[in-house]
$ cat model20.txt   # compact mmCIF, C-alpha atoms
# COMPACT_ATOMS: atom_id res chain seq x y z
CA MET A 1 -3.89 -21.68 -2.64
CA ALA A 2 -0.82 -23.76 -3.30
CA SER A 3 -0.14 -26.84 -1.19
CA ILE A 4 2.61 -25.89 1.23
CA ARG A 5 2.79 -29.03 3.37
CA LYS A 6 6.20 -30.49 2.79
CA LYS A 7 7.65 -33.66 4.33
CA GLY A 8 5.37 -33.68 7.37
CA PHE A 9 5.36 -29.98 8.28
CA ASN A 10 3.48 -26.90 7.17
CA LEU A 11 5.91 -24.58 5.39
CA THR A 12 4.09 -21.38 6.35
CA ASP A 13 4.67 -22.21 10.03
CA ARG A 14 8.37 -21.76 9.22
CA VAL A 15 7.98 -18.25 7.77
CA ALA A 16 8.29 -14.90 9.54
CA CYS A 17 6.50 -12.14 7.64
CA VAL A 18 8.15 -8.71 8.07
CA ILE A 19 6.15 -5.69 6.89
CA LEU A 20 8.19 -2.51 6.44
CA ALA A 21 5.97 0.40 7.46
CA GLY A 22 8.58 3.00 8.38
CA GLY A 23 8.75 5.28 5.35
CA GLN A 24 8.18 8.99 5.86
CA GLY A 25 6.01 9.25 2.74
CA THR A 26 7.06 12.75 1.71
CA ARG A 27 5.71 12.33 -1.85
CA LEU A 28 2.27 11.54 -0.39
CA PHE A 29 2.17 14.84 1.53
CA PRO A 30 -0.19 16.33 2.74
CA LEU A 31 -1.89 13.00 3.47
CA THR A 32 1.21 12.14 5.50
CA LYS A 33 1.32 15.47 7.32
CA ASN A 34 0.34 13.82 10.61
CA ARG A 35 0.35 10.08 9.87
CA CYS A 36 2.69 7.54 8.33
CA LYS A 37 1.98 6.36 4.79
CA PRO A 38 0.77 2.84 5.72
CA ALA A 39 -1.86 4.45 8.00
CA VAL A 40 -3.41 6.53 5.19
CA CYS A 41 -7.05 5.68 4.51
CA PHE A 42 -7.85 3.81 1.30
CA GLY A 43 -10.96 2.63 -0.51
CA GLY A 44 -13.43 4.30 1.84
CA LYS A 45 -12.86 2.12 4.92
CA TYR A 46 -9.36 0.58 4.86
CA ARG A 47 -5.80 1.66 5.70
CA LEU A 48 -2.94 0.88 3.32
CA ILE A 49 -1.34 -1.40 5.93
CA ASP A 50 -4.43 -3.65 5.82
CA VAL A 51 -3.44 -4.95 2.39
CA PRO A 52 -0.08 -6.61 3.20
CA ILE A 53 -1.39 -7.89 6.54
CA SER A 54 -4.47 -9.38 4.88
CA ASN A 55 -2.40 -11.02 2.15
CA SER A 56 -0.21 -12.52 4.86
CA LEU A 57 -3.12 -13.84 6.90
CA ASN A 58 -4.91 -15.16 3.83
CA SER A 59 -1.70 -17.04 2.97
CA ASN A 60 -1.64 -18.68 6.43
CA MET A 61 1.36 -16.70 7.66
CA LYS A 62 1.12 -16.89 11.45
CA HIS A 63 4.14 -14.81 12.48
CA VAL A 64 3.76 -11.17 11.38
CA PHE A 65 6.05 -8.28 12.35
CA VAL A 66 5.36 -4.66 11.43
CA ILE A 67 8.38 -2.32 11.64
CA SER A 68 7.36 1.35 11.84
CA GLN A 69 9.15 4.64 12.44
CA TYR A 70 7.37 7.91 11.58
CA PHE A 71 4.03 8.84 13.26
CA SER A 72 3.68 5.32 14.60
CA ALA A 73 1.02 6.09 17.24
CA GLY A 74 -1.91 6.11 14.80
CA LEU A 75 -0.66 2.97 13.10
CA ASN A 76 -0.23 1.26 16.47
CA ARG A 77 -3.80 2.11 17.46
CA HIS A 78 -5.22 0.77 14.20
CA LEU A 79 -3.31 -2.50 14.48
CA GLN A 80 -4.27 -3.02 18.11
CA GLU A 81 -7.95 -2.33 17.43
CA THR A 82 -8.07 -4.49 14.31
CA TYR A 83 -5.81 -7.54 14.49
CA HIS A 84 -6.43 -9.85 17.41
CA LEU A 85 -4.59 -12.72 15.81
CA ASP A 86 -6.01 -15.39 18.05
CA GLN A 87 -8.94 -14.96 15.63
CA PHE A 88 -6.64 -15.60 12.65
CA GLN A 89 -5.16 -19.12 12.92
CA GLY A 90 -3.80 -18.47 16.42
CA GLY A 91 -0.96 -16.28 15.14
CA SER A 92 0.79 -13.21 16.48
CA LEU A 93 1.36 -9.69 15.20
CA VAL A 94 4.26 -7.77 16.73
CA LEU A 95 4.71 -4.04 16.13
CA ILE A 96 8.33 -2.86 16.33
CA ASN A 97 9.10 0.84 16.85
CA PRO A 98 12.43 2.64 17.24
CA GLU A 99 13.45 2.56 20.89
CA THR A 100 16.15 3.65 23.26
CA ARG A 101 18.74 0.94 23.80
CA PRO A 102 22.15 0.81 25.47
CA GLY A 103 24.30 3.21 23.44
CA GLY A 104 21.47 5.54 22.42
CA ARG A 105 18.21 5.75 20.51
CA VAL A 106 17.79 3.43 17.54
CA TRP A 107 16.80 5.12 14.26
CA TYR A 108 16.34 3.25 10.98
CA GLU A 109 18.25 4.51 7.96
CA GLY A 110 16.55 2.39 5.30
CA THR A 111 14.50 -0.73 4.67
CA ALA A 112 17.37 -3.18 5.16
CA ASP A 113 18.69 -1.23 8.15
CA SER A 114 15.33 -1.55 9.92
CA VAL A 115 15.57 -5.34 9.64
CA ARG A 116 19.25 -5.39 10.60
CA LYS A 117 18.65 -3.42 13.79
CA ASN A 118 15.90 -5.84 14.84
CA ILE A 119 17.46 -9.08 13.65
CA ASP A 120 17.91 -10.45 17.19
CA LEU A 121 14.17 -10.14 17.84
CA LEU A 122 13.18 -11.46 14.41
CA THR A 123 15.36 -14.56 14.67
CA LYS A 124 14.00 -15.71 18.03
CA LEU A 125 11.25 -17.58 16.19
CA PRO A 126 12.04 -21.06 14.84
CA VAL A 127 11.65 -20.12 11.16
CA ASP A 128 13.43 -21.03 7.94
CA TYR A 129 12.33 -18.10 5.76
CA PHE A 130 11.71 -14.37 6.02
CA LEU A 131 9.04 -12.84 3.80
CA ILE A 132 9.72 -9.11 3.40
CA LEU A 133 6.75 -6.92 2.41
CA SER A 134 6.11 -3.20 1.99
CA GLY A 135 3.46 -1.45 4.06
CA ASP A 136 2.20 0.77 1.24
CA GLN A 137 1.54 -1.44 -1.79
CA LEU A 138 -1.75 -2.75 -3.17
CA TYR A 139 -2.04 -6.30 -4.49
CA ASN A 140 -3.99 -9.55 -4.26
CA MET A 141 -1.46 -12.37 -4.01
CA ASP A 142 -1.15 -15.87 -2.59
CA LEU A 143 2.15 -15.41 -0.79
CA ALA A 144 2.24 -19.08 0.14
CA SER A 145 2.79 -19.94 -3.52
CA MET A 146 5.83 -17.67 -3.57
CA VAL A 147 7.28 -19.30 -0.44
CA LEU A 148 6.69 -22.76 -1.91
CA PHE A 149 8.42 -21.68 -5.13
CA ALA A 150 11.42 -20.42 -3.15
CA HIS A 151 11.53 -23.67 -1.16
CA GLU A 152 11.32 -25.93 -4.20
CA ARG A 153 13.99 -23.96 -6.05
CA ASN A 154 16.22 -23.90 -2.96
CA SER A 155 16.74 -20.17 -3.48
CA ASP A 156 18.58 -17.96 -1.04
CA LEU A 157 16.51 -15.06 -2.36
CA THR A 158 13.29 -14.96 -4.35
CA VAL A 159 11.99 -11.66 -5.73
CA ALA A 160 8.35 -11.19 -6.75
CA VAL A 161 8.24 -9.56 -10.19
CA ILE A 162 5.56 -8.22 -12.48
CA PRO A 163 5.59 -7.30 -16.19
CA VAL A 164 5.41 -3.54 -16.77
CA GLU A 165 5.30 -1.27 -19.79
CA HIS A 166 8.04 1.09 -20.91
CA VAL A 167 6.42 4.15 -19.28
CA GLU A 168 6.59 2.56 -15.81
CA ALA A 169 10.00 0.89 -16.09
CA PRO A 170 12.36 3.82 -15.26
CA ARG A 171 10.97 4.26 -11.72
CA LEU A 172 11.24 0.57 -10.74
CA GLY A 173 13.90 -2.05 -10.15
CA LEU A 174 14.28 -4.16 -13.32
CA LEU A 175 15.51 -7.74 -13.69
CA ASN A 176 16.81 -10.07 -16.37
CA VAL A 177 16.02 -13.76 -15.90
CA ASP A 178 16.83 -16.96 -17.76
CA ARG A 179 14.39 -19.66 -18.90
CA GLU A 180 14.37 -21.18 -15.41
CA ALA A 181 13.56 -17.84 -13.70
CA ASN A 182 17.07 -17.47 -12.27
CA ILE A 183 17.92 -13.78 -11.89
CA LEU A 184 20.83 -12.79 -14.11
CA ASP A 185 20.93 -9.04 -13.66
CA PHE A 186 19.25 -6.28 -11.65
CA CYS A 187 19.16 -2.47 -11.85
CA GLU A 188 17.33 -0.09 -9.54
CA LYS A 189 15.60 2.69 -11.53
CA PRO A 190 17.60 2.62 -14.79
CA ALA A 191 18.70 6.13 -15.66
CA ASN A 192 18.74 6.09 -19.46
CA GLU A 193 17.33 4.36 -22.55
CA GLU A 194 20.51 2.42 -23.21
CA LEU A 195 20.30 0.82 -19.77
CA LEU A 196 16.56 0.25 -20.14
CA LYS A 197 17.08 -1.63 -23.40
CA ARG A 198 19.28 -4.12 -21.57
CA PHE A 199 16.27 -5.19 -19.53
CA GLU A 200 13.69 -5.67 -22.28
CA MET A 201 11.88 -8.97 -21.87
CA PRO A 202 12.98 -11.42 -24.59
CA ASP A 203 10.41 -13.32 -26.65
CA HIS A 204 11.03 -16.67 -24.94
CA ILE A 205 10.13 -15.17 -21.54
CA LEU A 206 7.02 -13.51 -22.93
CA LYS A 207 5.83 -16.74 -24.56
CA LYS A 208 6.70 -19.00 -21.63
CA GLY A 209 5.02 -16.73 -19.12
CA GLY A 210 1.84 -16.52 -21.18
CA PHE A 211 1.85 -12.76 -20.93
CA PHE A 212 -0.66 -10.82 -22.96
CA CYS A 213 1.78 -8.05 -23.69
CA ALA A 214 0.91 -5.81 -26.60
CA ASP A 215 3.21 -3.17 -28.01
CA PRO A 216 6.63 -4.27 -26.74
CA PRO A 217 9.01 -3.63 -25.11
CA TRP A 218 7.96 -4.97 -21.71
CA PHE A 219 10.08 -5.37 -18.60
CA LEU A 220 10.14 -7.49 -15.45
CA ALA A 221 10.03 -5.19 -12.42
CA SER A 222 10.58 -5.98 -8.76
CA MET A 223 7.46 -5.66 -6.60
CA GLY A 224 9.53 -5.07 -3.47
CA ILE A 225 8.40 -8.45 -2.09
CA TYR A 226 11.22 -10.81 -1.11
CA VAL A 227 11.61 -14.30 0.35
CA PHE A 228 14.98 -14.89 2.02
CA LYS A 229 16.36 -18.01 3.57
CA LYS A 230 16.96 -17.16 7.20
CA GLU A 231 20.71 -17.83 7.08
CA ALA A 232 21.12 -15.95 3.80
CA LEU A 233 19.40 -12.83 5.18
CA ILE A 234 21.36 -12.85 8.44
CA ASP A 235 24.64 -13.24 6.58
CA LEU A 236 23.76 -10.58 4.01
CA LEU A 237 22.82 -8.00 6.65
CA ALA A 238 26.01 -8.72 8.58
CA GLN A 239 28.34 -8.54 5.58
CA ASP A 240 26.74 -5.70 3.60
CA GLY A 241 26.56 -2.48 5.60
CA GLN A 242 24.24 -0.73 3.13
CA ASN A 243 20.73 0.28 4.19
CA ASP A 244 18.23 -0.42 1.39
CA PHE A 245 16.99 -3.71 -0.03
CA GLY A 246 16.31 -2.54 -3.58
CA LYS A 247 19.34 -0.32 -4.11
CA HIS A 248 21.93 -2.33 -2.20
CA MET A 249 20.99 -5.74 -0.84
CA ILE A 250 19.53 -7.32 -3.97
CA PRO A 251 22.58 -6.59 -6.19
CA THR A 252 24.87 -7.87 -3.44
CA GLN A 253 22.88 -11.07 -3.01
CA LEU A 254 22.98 -11.78 -6.76
CA LYS A 255 26.76 -12.04 -6.46
CA ARG A 256 26.61 -14.25 -3.38
CA GLY A 257 24.04 -16.96 -3.95
CA ARG A 258 21.09 -18.41 -5.79
CA ALA A 259 18.37 -15.87 -6.62
CA THR A 260 15.14 -16.52 -8.52
CA ALA A 261 12.15 -14.51 -9.74
CA PHE A 262 8.54 -15.38 -8.90
CA ILE A 263 6.32 -13.93 -11.62
CA HIS A 264 3.01 -12.41 -10.49
CA LEU A 265 0.36 -11.78 -13.14
CA GLY A 266 -2.26 -10.07 -10.99
CA TYR A 267 -2.85 -6.52 -9.85
CA TRP A 268 -0.06 -4.60 -8.08
CA LYS A 269 0.37 -0.92 -7.41
CA ASP A 270 3.01 0.96 -5.45
CA ILE A 271 1.46 3.97 -3.69
CA GLY A 272 4.26 6.49 -4.01
CA THR A 273 2.58 9.75 -5.00
CA ILE A 274 -0.70 11.62 -4.66
CA SER A 275 -1.42 10.82 -8.31
CA SER A 276 -0.92 7.05 -7.87
CA PHE A 277 -2.99 7.09 -4.67
CA TYR A 278 -5.80 8.96 -6.42
CA ARG A 279 -5.85 6.62 -9.44
CA ALA A 280 -5.67 3.48 -7.31
CA ASN A 281 -8.68 4.60 -5.30
CA LEU A 282 -10.82 5.51 -8.29
CA SER A 283 -9.92 2.24 -10.02
CA LEU A 284 -12.00 0.55 -7.31
CA THR A 285 -15.17 2.11 -8.72
CA THR A 286 -15.11 -0.27 -11.70
CA HIS A 287 -15.27 -4.04 -11.32
CA SER A 288 -12.70 -4.72 -14.04
CA SER A 289 -9.63 -2.97 -12.63
CA GLY A 290 -7.90 -2.19 -9.39
CA LEU A 291 -7.55 -4.12 -6.17
CA ASN A 292 -10.15 -6.87 -5.76
CA LEU A 293 -12.09 -6.13 -2.57
CA TYR A 294 -14.89 -8.56 -3.34
CA ASN A 295 -13.14 -11.91 -2.91
CA GLU A 296 -14.52 -13.80 0.10
CA VAL A 297 -11.66 -16.31 -0.04
CA PHE A 298 -8.99 -13.58 0.12
CA PRO A 299 -10.70 -10.72 2.00
CA ILE A 300 -9.04 -7.45 2.98
CA TYR A 301 -9.44 -7.10 6.74
CA THR A 302 -9.80 -3.80 8.52
CA HIS A 303 -11.15 -2.25 11.70
CA ASN A 304 -14.82 -2.99 12.32
CA HIS A 305 -16.34 0.44 12.68
CA TYR A 306 -19.71 -0.94 13.89
CA LEU A 307 -21.54 1.53 11.69
CA PRO A 308 -24.89 1.21 9.94
CA GLY A 309 -25.16 1.00 6.19
CA ALA A 310 -24.96 4.23 4.23
CA ARG A 311 -28.13 6.35 4.11
CA ILE A 312 -28.68 7.91 0.70
CA ALA A 313 -31.53 10.32 0.03
CA GLN A 314 -32.54 11.58 -3.44
CA THR A 315 -29.00 11.39 -4.81
CA GLU A 316 -27.95 10.32 -8.29
CA VAL A 317 -24.96 7.97 -7.84
CA ASN A 318 -22.83 6.65 -10.71
CA ASP A 319 -19.68 4.43 -10.61
CA SER A 320 -19.02 5.17 -6.95
CA ILE A 321 -18.45 3.51 -3.57
CA ILE A 322 -20.43 4.73 -0.56
CA SER A 323 -19.02 3.44 2.72
CA ASP A 324 -20.65 2.48 6.02
CA GLY A 325 -22.08 5.25 8.12
CA ALA A 326 -22.19 7.80 5.29
CA ILE A 327 -25.20 10.13 5.23
CA VAL A 328 -25.67 11.39 1.69
CA GLU A 329 -28.27 13.95 0.64
CA ALA A 330 -26.30 15.26 -2.34
CA GLN A 331 -27.61 16.02 -5.79
CA ARG A 332 -25.06 13.88 -7.63
CA ILE A 333 -22.02 11.69 -6.90
CA ASP A 334 -20.10 10.52 -9.93
CA HIS A 335 -16.97 8.30 -10.15
CA SER A 336 -16.04 8.91 -6.52
CA ILE A 337 -15.37 7.19 -3.21
CA ILE A 338 -17.25 8.34 -0.12
CA GLY A 339 -15.58 7.19 3.10
CA VAL A 340 -17.00 6.14 6.46
CA ARG A 341 -19.06 8.76 8.32
CA ASN A 342 -18.96 11.26 5.44
CA VAL A 343 -21.98 13.57 5.71
CA ILE A 344 -22.91 15.39 2.49
CA LYS A 345 -25.71 17.94 2.39
CA SER A 346 -28.32 18.65 -0.29
CA GLY A 347 -27.55 20.21 -3.66
CA THR A 348 -23.87 19.21 -3.59
CA GLU A 349 -22.15 17.56 -6.59
CA ILE A 350 -19.01 15.46 -6.26
CA HIS A 351 -17.13 14.23 -9.33
CA ASP A 352 -13.93 12.18 -9.72
CA SER A 353 -13.05 12.59 -6.05
CA VAL A 354 -11.89 10.56 -3.06
CA LEU A 355 -13.30 11.34 0.38
CA LEU A 356 -11.31 9.51 3.04
CA GLY A 357 -14.09 9.59 5.63
CA ASN A 358 -14.11 10.74 9.24
CA GLU A 359 -12.97 9.30 12.55
CA TYR A 360 -16.09 10.76 14.20
CA TYR A 361 -19.24 12.55 13.07
CA SER A 362 -18.20 15.58 15.11
CA SER A 363 -15.22 16.72 17.14
CA PRO A 364 -15.00 14.83 20.47
CA SER A 365 -13.79 18.02 22.16
CA ASP A 366 -16.43 20.27 20.54
CA PRO A 367 -19.60 18.43 19.42
CA SER A 368 -20.82 21.58 17.65
CA ARG A 369 -18.06 21.09 15.07
CA CYS A 370 -19.67 18.52 12.77
CA TYR A 371 -17.54 17.06 10.00
CA THR A 372 -19.78 17.72 7.00
CA ILE A 373 -19.74 18.87 3.41
CA GLY A 374 -22.33 21.62 3.19
CA LYS A 375 -25.13 22.45 0.80
CA ASN A 376 -24.74 23.31 -2.89
CA CYS A 377 -21.01 22.58 -3.10
CA HIS A 378 -19.21 21.54 -6.26
CA ILE A 379 -16.14 19.31 -5.86
CA GLU A 380 -14.11 17.88 -8.74
CA LYS A 381 -10.86 15.90 -8.93
CA ALA A 382 -10.17 16.23 -5.24
CA ILE A 383 -9.03 14.23 -2.23
CA ILE A 384 -10.76 15.24 1.01
CA ASP A 385 -8.87 13.98 4.06
CA GLU A 386 -10.42 12.95 7.39
CA ASN A 387 -12.21 15.31 9.77
CA VAL A 388 -12.71 18.17 7.30
CA ILE A 389 -15.51 20.73 7.51
CA ILE A 390 -16.64 22.29 4.22
CA GLY A 391 -19.21 25.09 4.38
CA ASN A 392 -22.12 25.83 2.05
CA ASN A 393 -21.72 26.93 -1.58
CA VAL A 394 -18.05 25.93 -1.70
CA LYS A 395 -16.45 25.33 -5.08
CA LEU A 396 -13.33 23.13 -5.27
CA THR A 397 -12.53 22.67 -8.96
CA ASN A 398 -8.97 24.03 -9.24
CA GLU A 399 -10.36 26.75 -11.47
CA ASN A 400 -6.91 28.27 -12.09
CA GLY A 401 -5.48 24.96 -13.31
CA HIS A 402 -2.70 24.60 -10.72
CA THR A 403 -0.50 21.55 -11.03
CA HIS A 404 1.28 22.27 -7.73
CA TYR A 405 0.07 24.54 -4.94
CA ASP A 406 0.57 24.89 -1.18
CA GLY A 407 -1.98 26.83 0.85
CA ASP A 408 -3.64 26.90 4.24
CA GLY A 409 -5.10 23.38 4.33
CA ILE A 410 -5.46 23.35 0.53
CA PHE A 411 -2.83 21.76 -1.68
CA VAL A 412 -2.54 20.70 -5.30
CA ARG A 413 -0.39 17.80 -6.48
CA ASP A 414 -0.39 16.65 -10.12
CA GLY A 415 -3.50 18.76 -10.72
CA ILE A 416 -5.39 17.04 -7.88
CA THR A 417 -6.79 19.26 -5.13
CA VAL A 418 -6.07 17.89 -1.64
CA ILE A 419 -7.81 19.19 1.49
CA SER A 420 -5.69 18.19 4.47
CA ASN A 421 -6.78 16.60 7.73
CA GLY A 422 -8.75 18.86 10.09
CA THR A 423 -9.19 21.76 7.64
CA THR A 424 -12.25 24.02 7.82
CA ILE A 425 -13.36 25.76 4.61
CA PRO A 426 -15.82 28.64 5.04
CA ASP A 427 -19.08 29.25 3.18
CA ASN A 428 -18.88 30.57 -0.40
CA PHE A 429 -15.19 29.73 -0.77
CA SER A 430 -13.89 29.03 -4.30
CA PHE A 431 -10.64 27.46 -5.42
$ encode --input "model20.txt" --output "structure tokens"
Amino acid sequence: MASIRKKGFNLTDRVACVILAGGQGTRLFPLTKNRCKPAVCFGGKYRLIDVPISNSLNSNMKHVFVISQYFSAGLNRHLQETYHLDQFQGGSLVLINPETRPGGRVWYEGTADSVRKNIDLLTKLPVDYFLILSGDQLYNMDLASMVLFAHERNSDLTVAVIPVEHVEAPRLGLLNVDREANILDFCEKPANEELLKRFEMPDHILKKGGFFCADPPWFLASMGIYVFKKEALIDLLAQDGQNDFGKHMIPTQLKRGRATAFIHLGYWKDIGTISSFYRANLSLTTHSSGLNLYNEVFPIYTHNHYLPGARIAQTEVNDSIISDGAIVEAQRIDHSIIGVRNVIKSGTEIHDSVLLGNEYYSSPSDPSRCYTIGKNCHIEKAIIDENVIIGNNVKLTNENGHTHYDGDGIFVRDGITVISNGTTIPDNFSF
């Protein structure tokens, strides 16, 4: 971790970390049918929100705010059960929800608007910088190094950026920078090849950054992580009435003051769709790609479920993660993630699938309803949400090759079968 003690004070004590967790997450439906996107389970035992919070705590950020909007109750419960910040450097975590105020109910109309409408609360702390993070991105990053970079460069705004290939560039915000990492130009989701070409990384940036970039062109893309000077952010929000950081605030700030790019060379993934969520999960099953969950110096924190280790009986398991409390009697599990409290009966095969786990082993209101995957099932390329009951001899292989499908508890997105939260699938069912 970078040294962030500067002239007698600890710089991270002067930073307020604001995590934006208010998105509706429509592209992640049906996983967001009854929860907000940052509360979606990930990696067998985590929630997406755990990643930005853990990166903040690992970077010694003591003042953390989480701004939520849609389906905030489940997120609130997870945060309250998980993060008692007197255990983490004596800090504080404040959850901010829309509320009724004089003049009516507050509702956020975008990422920047959510900060604007809470600026009085956020600025009560004696801080010099605001670190703005997204609640639904995956990355391992020393955020203190980014704050130190912003401080040393005396930047009003610093944007974390990452090199991306041509196929990813059109859906991201792209930047041009000079040799000193000053931002020269920015475009949110360039619409055509002519505009894309304007943002190709020049050779001197590639060589200076030490990028191992084969098959150019490559581009510098915004990660949606920003460090603002306190005064610069307050002034920007007051003067620019627009509602989104990426689309509106960043271009405006480039015209107003000093803006720099902090280049990140590690893993980063924006969880925007079912397909990206599925791939990000399965990338965890190999040690060479995906989010690093096995770093004791920078751990990913989550709720302690107080569960025993997984019990596995006569099951062939390959390239998979089996989480705490799972009871597995299957025939074969291949390239899959099995979440907490998943119970899988004998003869069942699971391939290339993500099981999000269960909140309980059985329904609290009806203990006879046990959340299990029955005997002799065959499941391929699927996401099984929490608290699902699957009967015996069920086949979920998308045998008709749907790319998009909406059914009763069964959905297909990008060719991936998704069984939504609380669904019951009867014996001998095939899809």
$ atom_distance --input "model20.txt" --atom1 "atom CA of His305 of chain A" --atom2 "atom CA of Asn292 of chain A"
20.8 Å
$ axis_aligned_box --input "model20.txt" --around "segment 300-306 of chain A" --padding-each-side "4 Å" --output "JSON"
{"center_x": -14.4, "center_y": -3.5, "center_z": 8.4, "size_x": 18.7, "size_y": 15.9, "size_z": 18.9}
$ atom_distance --input "model20.txt" --atom1 "atom CA of Lys229 of chain A" --atom2 "atom CA of Tyr129 of chain A"
4.6 Å
$ residues_around --input "model20.txt" --residues "Glu399 of chain A" --least-positions-apart "2" --cutoff "12 Å" --atoms "only C-alpha atoms" --output "list in words"
His378, Ile379, Glu380, Lys381, Lys395, Leu396, Thr397, Gly401, His402, Thr403, Val412, Gly415, Ile416, Thr417, Ser430 and Phe431 of chain A
$ atom_distance --input "model20.txt" --atom1 "atom CA of Ala310 of chain A" --atom2 "atom CA of Thr273 of chain A"
29.6 Å
